[in-house]
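Chemist: Below is coords-v5.tsv; it holds TSV, C-alpha atoms.
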chain	number	residue	atom	x	y	z
J	15	MET	CA	18.31	258.57	64.73
J	16	SER	CA	20.02	260.23	61.75
J	17	VAL	CA	23.26	258.42	62.65
J	18	LEU	CA	21.44	255.06	62.68
J	19	ARG	CA	19.88	255.78	59.29
J	20	ARG	CA	23.33	256.36	57.81
J	21	LEU	CA	24.57	252.98	59.05
J	22	HIS	CA	24.68	249.93	56.80
J	23	VAL	CA	21.99	247.33	57.49
J	24	LEU	CA	24.62	244.90	58.86
J	25	ASP	CA	25.90	247.63	61.18
J	26	ARG	CA	22.40	247.91	62.63
J	27	VAL	CA	22.16	244.12	62.94
J	28	ALA	CA	25.50	244.02	64.77
J	29	ILE	CA	24.52	246.74	67.23
J	30	GLY	CA	21.09	245.17	67.73
J	31	LEU	CA	22.61	241.77	68.51
J	32	LEU	CA	25.05	243.20	71.05
J	33	VAL	CA	22.36	245.28	72.76
J	34	THR	CA	20.03	242.29	72.87
J	35	GLY	CA	22.76	240.09	74.32
J	36	LEU	CA	23.65	242.62	77.01
J	37	VAL	CA	19.97	243.00	77.90
J	38	CYS	CA	19.74	239.22	78.28
J	39	VAL	CA	22.65	239.27	80.73
J	40	ALA	CA	21.41	242.33	82.63
J	41	SER	CA	17.89	240.92	82.97
J	42	GLY	CA	19.10	237.54	84.22
J	43	LEU	CA	17.81	235.62	81.21
J	44	LEU	CA	21.41	234.56	80.68
J	45	PRO	CA	23.30	233.78	83.90
J	46	THR	CA	26.46	235.84	84.35
J	47	ALA	CA	28.58	232.69	84.66
J	48	ASP	CA	27.33	231.34	81.30
J	49	ALA	CA	27.94	234.71	79.66
J	50	GLY	CA	31.47	234.78	81.09
J	51	ASP	CA	32.18	231.29	79.77
J	52	ALA	CA	30.93	232.26	76.31
J	53	MET	CA	33.10	235.40	76.22
J	54	SER	CA	36.13	233.42	77.40
J	55	ARG	CA	35.68	230.96	74.55
J	56	ILE	CA	35.41	233.62	71.87
J	57	ALA	CA	38.07	236.05	73.16
J	58	PRO	CA	40.86	234.44	71.07
J	59	LEU	CA	38.51	234.36	68.09
J	60	LEU	CA	37.83	238.10	68.39
J	61	ALA	CA	41.56	238.79	68.64
J	62	PHE	CA	42.11	236.79	65.47
J	63	LEU	CA	39.29	238.52	63.58
J	64	GLY	CA	40.48	241.99	64.49
J	65	THR	CA	44.17	241.49	63.73
J	66	VAL	CA	43.83	239.37	60.59
J	67	ILE	CA	41.61	241.96	58.91
J	68	VAL	CA	44.11	244.72	59.69
J	69	LEU	CA	46.81	242.48	58.21
J	70	ALA	CA	44.69	241.87	55.08
J	71	GLU	CA	43.91	245.57	54.60
J	72	LEU	CA	47.55	246.63	54.82
J	73	THR	CA	48.75	243.70	52.72
J	74	SER	CA	46.26	244.71	50.05
J	75	ARG	CA	47.53	248.31	50.15
J	76	ALA	CA	51.06	246.94	49.76
J	77	GLU	CA	49.88	245.34	46.46
J	78	VAL	CA	50.78	241.80	47.54
J	79	PHE	CA	47.42	240.53	46.33
J	80	ASP	CA	47.83	242.25	42.97
J	81	VAL	CA	51.14	240.47	42.41
J	82	VAL	CA	49.67	237.07	43.34
J	83	ALA	CA	46.62	237.69	41.13
J	84	ALA	CA	48.82	238.51	38.15
J	85	ARG	CA	50.78	235.29	38.62
J	86	VAL	CA	47.63	233.16	38.85
J	87	ALA	CA	46.29	234.83	35.70
J	88	ARG	CA	49.53	234.05	33.87
J	89	ALA	CA	49.41	230.43	35.06
J	90	GLY	CA	45.98	230.11	33.42
J	91	ARG	CA	47.67	230.65	30.01
J	92	GLY	CA	44.71	232.61	28.72
J	93	SER	CA	42.16	229.80	29.18
J	94	TYR	CA	39.08	230.53	31.30
J	95	PRO	CA	38.34	226.83	31.99
J	96	LEU	CA	41.95	226.27	33.13
J	97	LEU	CA	41.80	229.43	35.23
J	98	PHE	CA	38.58	228.16	36.81
J	99	LEU	CA	40.20	224.86	37.82
J	100	LEU	CA	43.25	226.71	39.18
J	101	CYS	CA	41.02	228.96	41.29
J	102	VAL	CA	39.04	225.98	42.63
J	103	ALA	CA	42.25	224.12	43.52
J	104	PHE	CA	43.81	227.25	45.05
J	105	ALA	CA	40.79	227.98	47.26
J	106	SER	CA	40.35	224.33	48.28
J	107	VAL	CA	43.98	223.76	49.26
J	108	THR	CA	44.13	227.06	51.13
J	109	THR	CA	41.03	226.20	53.15
J	110	ILE	CA	42.07	222.61	53.88
J	111	ALA	CA	45.67	223.39	54.85
J	112	LEU	CA	45.08	226.68	56.64
J	113	ASN	CA	41.68	227.81	57.86
J	114	LEU	CA	38.43	228.89	56.27
J	115	ASP	CA	38.58	232.31	57.95
J	116	THR	CA	42.12	232.84	56.68
J	117	THR	CA	40.93	231.89	53.20
J	118	ALA	CA	38.10	234.40	53.38
J	119	VAL	CA	40.43	237.20	54.46
J	120	LEU	CA	43.59	236.55	52.44
J	121	LEU	CA	42.24	234.85	49.31
J	122	THR	CA	39.24	237.08	48.63
J	123	PRO	CA	41.41	240.12	47.76
J	124	VAL	CA	43.51	237.92	45.45
J	125	MET	CA	40.41	236.70	43.63
J	126	LEU	CA	38.92	240.20	43.34
J	127	ALA	CA	42.19	241.58	42.00
J	128	LEU	CA	42.34	238.67	39.55
J	129	ALA	CA	38.94	239.55	38.05
J	130	GLY	CA	40.14	242.80	36.58
J	131	ARG	CA	43.24	241.18	35.16
J	132	VAL	CA	41.42	238.49	33.18
J	133	GLY	CA	38.46	240.57	32.00
J	134	ILE	CA	35.55	238.96	33.86
J	135	ALA	CA	33.13	240.12	36.53
J	136	ALA	CA	34.26	239.97	40.15
J	137	VAL	CA	31.26	237.94	41.36
J	138	PRO	CA	32.35	234.52	39.95
J	139	LEU	CA	35.74	234.84	41.66
J	140	ALA	CA	34.21	236.15	44.87
J	141	MET	CA	31.76	233.24	45.00
J	142	THR	CA	34.58	230.76	44.36
J	143	THR	CA	36.26	231.98	47.52
J	144	VAL	CA	33.29	232.06	49.85
J	145	TRP	CA	31.78	228.75	48.76
J	146	LEU	CA	35.02	226.78	48.97
J	147	ALA	CA	35.99	228.49	52.22
J	148	ASN	CA	32.98	226.70	53.69
J	149	THR	CA	32.59	223.47	51.72
J	150	ALA	CA	36.32	222.64	51.62
J	151	SER	CA	36.70	222.88	55.41
J	152	LEU	CA	35.87	219.27	56.33
J	153	LEU	CA	39.18	217.42	56.12
J	154	LEU	CA	41.62	218.55	58.84
J	155	PRO	CA	41.22	219.93	62.38
J	156	VAL	CA	42.95	223.18	61.34
J	157	SER	CA	40.50	223.71	58.46
J	158	ASN	CA	37.69	224.84	60.77
J	159	LEU	CA	37.31	225.60	64.45
J	160	THR	CA	34.33	223.23	64.56
J	161	ASN	CA	36.64	220.45	63.32
J	162	LEU	CA	38.89	220.95	66.34
J	163	LEU	CA	35.90	220.54	68.63
J	164	ALA	CA	34.61	217.48	66.75
J	165	ALA	CA	38.02	215.77	66.61
J	166	ASP	CA	38.36	216.20	70.37
J	167	ARG	CA	34.87	214.81	70.96
J	168	VAL	CA	35.41	211.66	68.85
J	169	ALA	CA	39.09	211.29	69.87
J	170	LEU	CA	40.52	211.50	66.35
J	171	SER	CA	43.98	212.76	65.42
J	172	SER	CA	44.54	214.96	62.35
J	173	LEU	CA	45.22	211.87	60.23
J	174	GLY	CA	42.32	210.04	61.85
J	175	LEU	CA	39.87	212.82	61.00
J	176	ALA	CA	41.25	213.02	57.45
J	177	GLY	CA	40.88	209.26	57.10
J	178	ARG	CA	37.22	209.50	58.05
J	179	MET	CA	36.35	212.68	56.15
J	180	TRP	CA	38.28	212.35	52.86
J	181	ALA	CA	35.28	211.00	50.95
J	182	PRO	CA	32.81	213.63	52.25
J	183	GLN	CA	35.39	216.31	51.48
J	184	LEU	CA	35.87	215.17	47.89
J	185	ALA	CA	32.10	214.96	47.42
J	186	ALA	CA	31.55	218.48	48.76
J	187	ILE	CA	34.29	219.97	46.55
J	188	ALA	CA	32.98	218.14	43.47
J	189	VAL	CA	29.45	219.49	44.00
J	190	THR	CA	30.79	223.00	44.69
J	191	THR	CA	32.86	222.90	41.49
J	192	ALA	CA	29.79	221.91	39.46
J	193	CYS	CA	27.64	224.65	41.03
J	194	LEU	CA	30.31	227.31	40.54
J	195	TRP	CA	30.66	226.47	36.87
J	196	GLY	CA	26.91	226.24	36.27
J	197	PHE	CA	25.88	229.35	38.18
J	198	PHE	CA	28.84	231.70	37.72
J	199	TRP	CA	31.68	230.53	35.47
J	200	ARG	CA	30.19	228.97	32.33
J	201	ARG	CA	29.96	230.85	29.06
J	202	GLY	CA	27.52	233.71	29.29
J	203	ARG	CA	27.57	233.80	33.11
J	204	ARG	CA	31.07	235.04	33.95
J	205	GLY	CA	30.70	238.44	32.28
J	206	THR	CA	33.62	238.24	29.84
J	207	GLU	CA	34.43	241.47	28.10
J	208	SER	CA	34.42	240.33	24.49
J	209	ALA	CA	33.18	243.72	23.25
J	210	GLY	CA	36.77	244.68	22.54
J	211	LEU	CA	36.56	242.55	19.39
J	212	LEU	CA	34.08	245.02	17.94
J	213	ARG	CA	36.47	247.95	18.11
J	214	GLY	CA	38.60	249.08	15.20
J	215	GLY	CA	36.97	247.14	12.36
J	216	PRO	CA	33.99	247.73	10.11
J	217	GLY	CA	30.83	245.79	10.80
J	218	ALA	CA	30.19	243.19	13.46
J	219	ALA	CA	32.83	240.77	14.70
J	220	ARG	CA	32.60	237.17	13.53
J	221	VAL	CA	30.62	234.84	15.80
J	222	GLU	CA	33.60	232.49	16.13
J	223	ASP	CA	35.76	235.41	17.30
J	224	VAL	CA	33.28	236.32	20.05
J	225	ARG	CA	33.07	232.68	21.10
J	226	ALA	CA	36.85	232.44	21.22
J	227	ALA	CA	37.02	235.56	23.37
J	228	ASP	CA	34.55	233.97	25.78
J	229	LEU	CA	36.92	231.03	26.21
J	230	ARG	CA	40.24	232.87	26.34
J	231	TYR	CA	41.77	236.01	27.81
J	232	VAL	CA	45.03	237.86	27.35
J	233	PRO	CA	47.42	236.96	30.22
J	234	PRO	CA	48.56	240.13	32.01
J	235	GLY	CA	52.12	241.25	32.42
J	236	VAL	CA	54.14	241.20	35.63
J	237	HIS	CA	52.77	243.53	38.30
J	238	ARG	CA	55.37	245.73	39.99
J	239	PRO	CA	54.38	247.27	43.38
J	240	ALA	CA	54.83	251.00	43.94
J	241	ASP	CA	56.83	250.53	47.17
J	242	PRO	CA	59.01	247.38	47.01
J	243	VAL	CA	60.00	247.66	50.68
J	244	VAL	CA	56.41	247.71	51.95
J	245	PHE	CA	55.56	244.92	49.51
J	246	ARG	CA	58.38	242.64	50.71
J	247	VAL	CA	57.73	243.22	54.40
J	248	CYS	CA	53.98	242.59	54.11
J	249	ALA	CA	54.54	239.55	51.92
J	250	LEU	CA	56.96	238.14	54.51
J	251	ALA	CA	54.47	238.95	57.28
J	252	CYS	CA	51.77	236.93	55.49
J	253	ALA	CA	54.19	234.08	54.80
J	254	GLY	CA	55.25	234.06	58.43
J	255	PHE	CA	51.62	234.01	59.52
J	256	LEU	CA	50.93	230.95	57.37
J	257	LEU	CA	54.12	229.15	58.45
J	258	ALA	CA	53.35	229.82	62.12
J	259	ILE	CA	49.99	228.09	61.70
J	260	LEU	CA	51.29	225.16	59.67
J	261	VAL	CA	54.71	224.45	61.16
J	262	ALA	CA	54.90	226.00	64.60
J	263	ASP	CA	51.30	225.22	65.57
J	264	VAL	CA	50.90	228.74	66.97
J	265	GLU	CA	47.43	229.86	68.00
J	266	LEU	CA	45.66	231.77	65.24
J	267	TRP	CA	45.31	235.02	67.15
J	268	ILE	CA	48.97	235.11	68.19
J	269	ALA	CA	50.11	234.49	64.61
J	270	SER	CA	47.76	237.09	63.13
J	271	ALA	CA	48.57	239.68	65.82
J	272	THR	CA	52.31	239.29	65.25
J	273	ALA	CA	52.02	239.51	61.47
J	274	GLY	CA	49.64	242.45	61.76
J	275	ALA	CA	52.07	244.28	64.05
J	276	VAL	CA	54.85	243.85	61.46
J	277	ALA	CA	52.60	245.29	58.72
J	278	VAL	CA	51.59	248.23	60.94
J	279	ALA	CA	55.24	248.92	61.77
J	280	VAL	CA	56.38	249.12	58.15
J	281	PHE	CA	53.49	251.41	57.21
J	282	ALA	CA	54.21	253.59	60.24
J	283	VAL	CA	57.66	254.18	58.76
J	284	ARG	CA	56.87	254.30	55.03
J	285	ASP	CA	53.24	255.48	54.74
J	286	ARG	CA	51.72	256.63	58.02
J	287	ARG	CA	48.57	257.96	56.29
J	288	ALA	CA	47.48	254.36	55.60
J	289	LEU	CA	47.05	253.72	59.32
J	290	ARG	CA	43.53	254.75	60.24
J	291	TRP	CA	40.88	253.56	62.69
J	292	SER	CA	38.65	252.34	59.87
J	293	LEU	CA	41.06	249.41	59.43
J	294	VAL	CA	39.59	247.86	62.58
J	295	PRO	CA	36.51	245.71	61.72
J	296	TRP	CA	34.28	247.06	64.46
J	297	ARG	CA	31.14	245.53	62.91
J	298	LEU	CA	32.44	241.98	63.38
J	299	LEU	CA	33.87	242.75	66.81
J	300	VAL	CA	30.42	243.94	67.88
J	301	MET	CA	28.35	241.33	66.07
J	302	VAL	CA	30.16	238.18	67.23
J	303	PRO	CA	29.85	238.73	71.02
J	304	GLY	CA	26.23	239.78	70.62
J	305	MET	CA	25.47	236.72	68.51
J	306	PHE	CA	27.03	234.36	71.05
J	307	LEU	CA	25.20	235.97	73.98
J	308	VAL	CA	21.86	235.70	72.17
J	309	VAL	CA	22.44	232.07	71.17
J	310	GLU	CA	23.60	231.15	74.69
J	311	THR	CA	20.41	232.71	76.05
J	312	VAL	CA	18.24	230.77	73.62
J	313	ASN	CA	20.21	227.61	74.40
J	314	ALA	CA	19.60	228.06	78.11
J	315	HIS	CA	15.86	228.43	77.50
J	316	GLY	CA	15.03	225.46	75.33
J	317	LEU	CA	17.37	225.35	72.33
J	318	HIS	CA	19.23	222.33	73.73
J	319	ASP	CA	16.02	220.36	74.16
J	320	LEU	CA	14.81	221.45	70.74
J	321	LEU	CA	18.08	220.37	69.11
J	322	ALA	CA	18.08	217.03	70.96
J	323	SER	CA	14.56	216.39	69.68
J	324	ALA	CA	15.39	217.51	66.13
J	325	VAL	CA	18.66	215.59	65.85
J	326	GLY	CA	17.32	212.45	67.51
J	327	HIS	CA	19.28	209.41	68.71
J	328	ASP	CA	19.41	207.40	65.48
J	329	GLY	CA	23.03	206.63	64.59
J	330	GLY	CA	22.02	205.03	61.26
J	331	THR	CA	21.95	206.58	57.81
J	332	LEU	CA	18.66	208.40	58.37
J	333	GLY	CA	20.04	209.83	61.60
J	334	LEU	CA	23.10	211.15	59.73
J	335	PHE	CA	20.97	213.03	57.21
J	336	ARG	CA	18.75	214.32	59.99
J	337	ALA	CA	21.66	215.72	62.01
J	338	ALA	CA	23.25	217.29	58.93
J	339	ALA	CA	19.98	218.94	57.88
J	340	VAL	CA	19.46	220.41	61.36
J	341	GLY	CA	23.03	221.72	61.44
J	342	ALA	CA	22.84	223.28	57.98
J	343	GLY	CA	19.40	224.78	58.49
J	344	LEU	CA	20.06	226.37	61.87
J	345	SER	CA	23.50	227.60	60.79
J	346	ASN	CA	21.89	229.74	58.11
J	347	VAL	CA	19.40	231.09	60.63
J	348	LEU	CA	21.87	231.73	63.44
J	349	ASN	CA	25.56	230.97	62.80
J	350	ASN	CA	27.40	227.70	62.37
J	351	LEU	CA	29.79	227.96	65.32
J	352	PRO	CA	27.24	228.43	68.12
J	353	VAL	CA	24.92	225.97	66.36
J	354	TYR	CA	27.64	223.32	66.34
J	355	LEU	CA	28.46	223.98	70.00
J	356	ALA	CA	24.79	223.63	70.91
J	357	GLY	CA	24.24	220.66	68.60
J	358	GLU	CA	27.26	218.76	69.88
J	359	GLY	CA	25.62	218.44	73.28
J	360	ALA	CA	22.44	217.13	71.64
J	361	VAL	CA	24.15	214.23	69.84
J	362	PRO	CA	24.47	211.03	71.95
J	363	VAL	CA	28.07	210.49	73.08
J	364	GLY	CA	28.55	207.20	71.23
J	365	ASN	CA	27.11	208.36	67.87
J	366	HIS	CA	30.38	209.45	66.29
J	367	ASP	CA	29.15	209.35	62.70
J	368	GLN	CA	26.07	211.34	63.64
J	369	LEU	CA	28.33	214.00	65.14
J	370	LEU	CA	30.42	214.05	61.95
J	371	ALA	CA	27.21	214.45	59.94
J	372	LEU	CA	26.30	217.43	62.13
J	373	LEU	CA	29.79	218.77	61.39
J	374	ILE	CA	29.15	218.42	57.65
J	375	GLY	CA	25.91	220.34	58.00
J	376	THR	CA	27.49	223.19	59.98
J	377	ASN	CA	30.57	223.39	57.71
J	378	ALA	CA	29.28	222.83	54.17
J	379	GLY	CA	25.74	224.13	54.73
J	380	PRO	CA	26.29	227.78	55.81
J	381	VAL	CA	26.42	229.25	52.29
J	382	ILE	CA	22.93	230.76	52.06
J	383	THR	CA	22.86	233.77	54.39
J	384	PRO	CA	25.71	236.32	54.86
J	385	TRP	CA	25.88	235.64	58.62
J	386	ALA	CA	25.81	231.83	58.43
J	387	SER	CA	29.54	231.52	59.17
J	388	LEU	CA	32.33	233.82	60.27
J	389	ALA	CA	34.12	233.07	57.01
J	390	THR	CA	31.12	234.39	55.08
J	391	LEU	CA	31.04	237.52	57.22
J	392	LEU	CA	34.77	238.07	56.67
J	393	TRP	CA	34.29	237.53	52.93
J	394	TYR	CA	31.43	240.02	52.89
J	395	GLU	CA	33.64	242.60	54.63
J	396	ARG	CA	36.33	242.13	51.97
J	397	CYS	CA	33.79	242.48	49.15
J	398	VAL	CA	32.39	245.70	50.66
J	399	ALA	CA	35.91	247.07	51.08
J	400	TYR	CA	36.59	246.41	47.38
J	401	GLY	CA	33.27	247.85	46.25
J	402	VAL	CA	31.98	244.50	44.97
J	403	ARG	CA	28.25	243.93	45.31
J	404	VAL	CA	26.86	240.39	45.28
J	405	PRO	CA	23.06	240.47	44.79
J	406	VAL	CA	21.44	239.03	47.92
J	407	ALA	CA	18.75	237.17	45.97
J	408	ARG	CA	21.38	235.45	43.84
J	409	LEU	CA	23.51	234.66	46.89
J	410	VAL	CA	20.57	233.07	48.72
J	411	GLY	CA	19.13	231.22	45.72
J	412	THR	CA	22.34	229.66	44.45
J	413	GLY	CA	23.54	229.06	48.01
J	414	ALA	CA	20.40	227.08	48.80
J	415	VAL	CA	21.06	224.78	45.85
J	416	LEU	CA	24.71	224.32	46.83
J	417	ALA	CA	23.95	223.73	50.52
J	418	THR	CA	21.37	221.06	49.74
J	419	ALA	CA	23.48	219.27	47.14
J	420	ALA	CA	26.85	219.50	48.93
J	421	VAL	CA	25.54	218.39	52.32
J	422	ALA	CA	23.57	215.51	50.78
J	423	ALA	CA	26.58	214.33	48.75
J	424	ALA	CA	28.98	214.61	51.69
J	425	VAL	CA	26.68	212.76	54.09
J	426	THR	CA	26.11	210.05	51.48
J	427	ALA	CA	29.87	209.64	51.19
J	428	LEU	CA	30.15	209.48	54.99
J	429	ALA	CA	27.46	206.79	55.17
J	430	VAL	CA	28.98	204.73	52.34
J	431	THR	CA	32.47	204.75	53.88
J	432	ARG	CA	31.43	204.20	57.51
Translate this file's structure into structure tokens.
Modeler:
Amino acid sequence: MSVLRRLHVLDRVAIGLLVTGLVCVASGLLPTADAGDAMSRIAPLLAFLGTVIVLAELTSRAEVFDVVAARVARAGRGSYPLLFLLCVAFASVTTIALNLDTTAVLLTPVMLALAGRVGIAAVPLAMTTVWLANTASLLLPVSNLTNLLAADRVALSSLGLAGRMWAPQLAAIAVTTACLWGFFWRRGRRGTESAGLLRGGPGAARVEDVRAADLRYVPPGVHRPADPVVFRVCALACAGFLLAILVADVELWIASATAGAVAVAVFAVRDRRALRWSLVPWRLLVMVPGMFLVVETVNAHGLHDLLASAVGHDGGTLGLFRAAAVGAGLSNVLNNLPVYLAGEGAVPVGNHDQLLALLIGTNAGPVITPWASLATLLWYERCVAYGVRVPVARLVGTGAVLATAAVAAAVTALAVTR
């Protein structure tokens, strides 16, 4: 019991989910064949999660993220508004062209390292990553695993899906940008350190000086890593990982495992002490199978019928909003991937736009709870590793506003361009 009390609350949730899932299989509530099918589907996903986090941890230790953060800060030319737009564009393009989980793992450390270099709190940059990792994942099949499933269901190529989803994607990014600025980035919310103006001079600083400091920052110098060899090898490993996904069309887990092996090899030679078992994200590797087993059990005992009733058969505009709302709502209760898999079977085969609306709900909606998407879980792991705490009440409250507004805007764009 003392060991359990020392565990983080998410560690207990992960263990509880796995135990519950195994009990469901052992008791016969979930047939063994269905459990086997579920584990077969997520095996590559687990391999990706495990290896990409090891890659991210070692790449961070190699100071690759510090170098990238310094360059982004210099590109902002000392302007917070310009830096904000650069961060939004950076996160959006990374998610669209790569994958939301990759964004959560590789971009979060860059953003967190950037915070210290430009003199603002880490939370605005952390929220930029996690929100756009979800809401910017609508355009291409590679952007989200759910997109691959949806594109296959409606028989759309990459260009075909982009042609149908460009308007919803722009709408979701526009709403996310507005929410990020209003909740986290605008003057007085981003935590700028303008107190430095008060040092060294008699009396209080002028009001216009404080206001200027809240709009501008001093661009940092060039960051030089402590071990250039480790830095270059890990940077090349990350670049190879991204190229393998974009150019060679290699499966995510193969690309991440190969790049992770390269990073492990260079640290084994140059800094063996960095290789420790805590690099392996056991919480996620325990939570994900348990979550899928539990959802499969619920699906086998009425979730499918419930979803079919909730989604309905209306392929019109009202049906689009209904499907999106169900997808977004259940994703924040359970998780977007199993919810999409279950919801896909509840949407009538010919209702392609209704399926795309469900996709919008399960992609852009899971920004309220920490477990709503795997990208959010990965992001949370990175924040914990960096010692960054995002208040849960603020995460839930602002996320609820974003989810409602982004899903509504994206579905409206889908309906208008149908």
Chemist: May I have the residues within 9 Å of Cys193 (chain J) as number ranges by chain, using all atoms listed in the file and disregarding those fewer than 6 positions away in the same chain?
Modeler: J: 412, 415-416
Chemist: Need the shell around Ala105 (chain J): protein/DNA/RNA residues with any atom at most 10 Å away, counting all atoms listed in the file. Skip same-chain ones fewer than 4 positions apart. Format as a list of chain:residue names?
Modeler: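 With the cut-off at 10 Å, the set is J:Leu99, J:Leu100, J:Cys101, J:Thr109, J:Ile110, J:Leu114, J:Thr117, J:Ala118, J:Leu121, J:Thr122, J:Met125, J:Thr142, J:Thr143, J:Val144, J:Trp145, J:Leu146, J:Ala147, J:Ala150.
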Chemist: Only C-alpha atoms, please: the residues just picked out, written as a compact mmCIF listing (two decimals), keeping the file's coordinate frame.
Modeler:
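Output contents, as saved in out_3.txt:
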# COMPACT_ATOMS: atom_id res chain seq x y z
CA LEU J 99 40.20 224.86 37.82
CA LEU J 100 43.25 226.71 39.18
CA CYS J 101 41.02 228.96 41.29
CA THR J 109 41.03 226.20 53.15
CA ILE J 110 42.07 222.61 53.88
CA LEU J 114 38.43 228.89 56.27
CA THR J 117 40.93 231.89 53.20
CA ALA J 118 38.10 234.40 53.38
CA LEU J 121 42.24 234.85 49.31
CA THR J 122 39.24 237.08 48.63
CA MET J 125 40.41 236.70 43.63
CA THR J 142 34.58 230.76 44.36
CA THR J 143 36.26 231.98 47.52
CA VAL J 144 33.29 232.06 49.85
CA TRP J 145 31.78 228.75 48.76
CA LEU J 146 35.02 226.78 48.97
CA ALA J 147 35.99 228.49 52.22
CA ALA J 150 36.32 222.64 51.62
Chemist: Could you check the closest approach to Arg26 (chain J) for each of J:Leu409, J:Ala40, J:Ala185, J:Met301 and tell me which residue wins, using only C-alpha atoms?
Modeler: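 Closest to Arg26 (chain J), using only C-alpha atoms: J:Met301.
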Chemist: Rounded to one decimal, what separation in Å do you get between CA of Gly304 (chain J) and CA of Ala371 (chain J)?
Modeler: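 We find that CA of Gly304 (chain J) and CA of Ala371 (chain J) lie 27.5 Å from each other.
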Chemist: Please work out which residues fall within 10 Å of (32.6, 239.2, 36.7), coordinates as given in the file, with all atoms listed in the file counting, and return them as a list in words.
Modeler: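 Protein and nucleic acid residues near the point are Leu126, Ala129, Gly130, Val132, Gly133, Ile134, Ala135, Ala136, Val137, Pro138, Leu139, Ala140, Phe198, Trp199, Arg203, Arg204, Gly205, Thr206, Glu207 and Val402 of chain J.
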Chemist: Within 9 Å of Ala429 (chain J), counting all atoms listed in the file, which residues qualify if same-chain residues fewer than 2 places away don't, as an MDAnalysis selection string?
Modeler: chainID J and resid 330:331 334 367 424:427 431:432
Chemist: Skipping near chain neighbours, those fewer than 6 positions away, what residues fall within 12 Å of Arg286 (chain J) using all atoms listed in the file, listed as a PyMOL selection string?
Modeler: chain J and resi 72+244+277-280
Chemist: From the set J:Pro303, J:Ser151, J:Ala84, J:Glu310, which residue has the shortest atom-to-atom contact distance to Ala47 (chain J), counting all atoms listed in the file?
Modeler: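 Closest candidate: J:Glu310.
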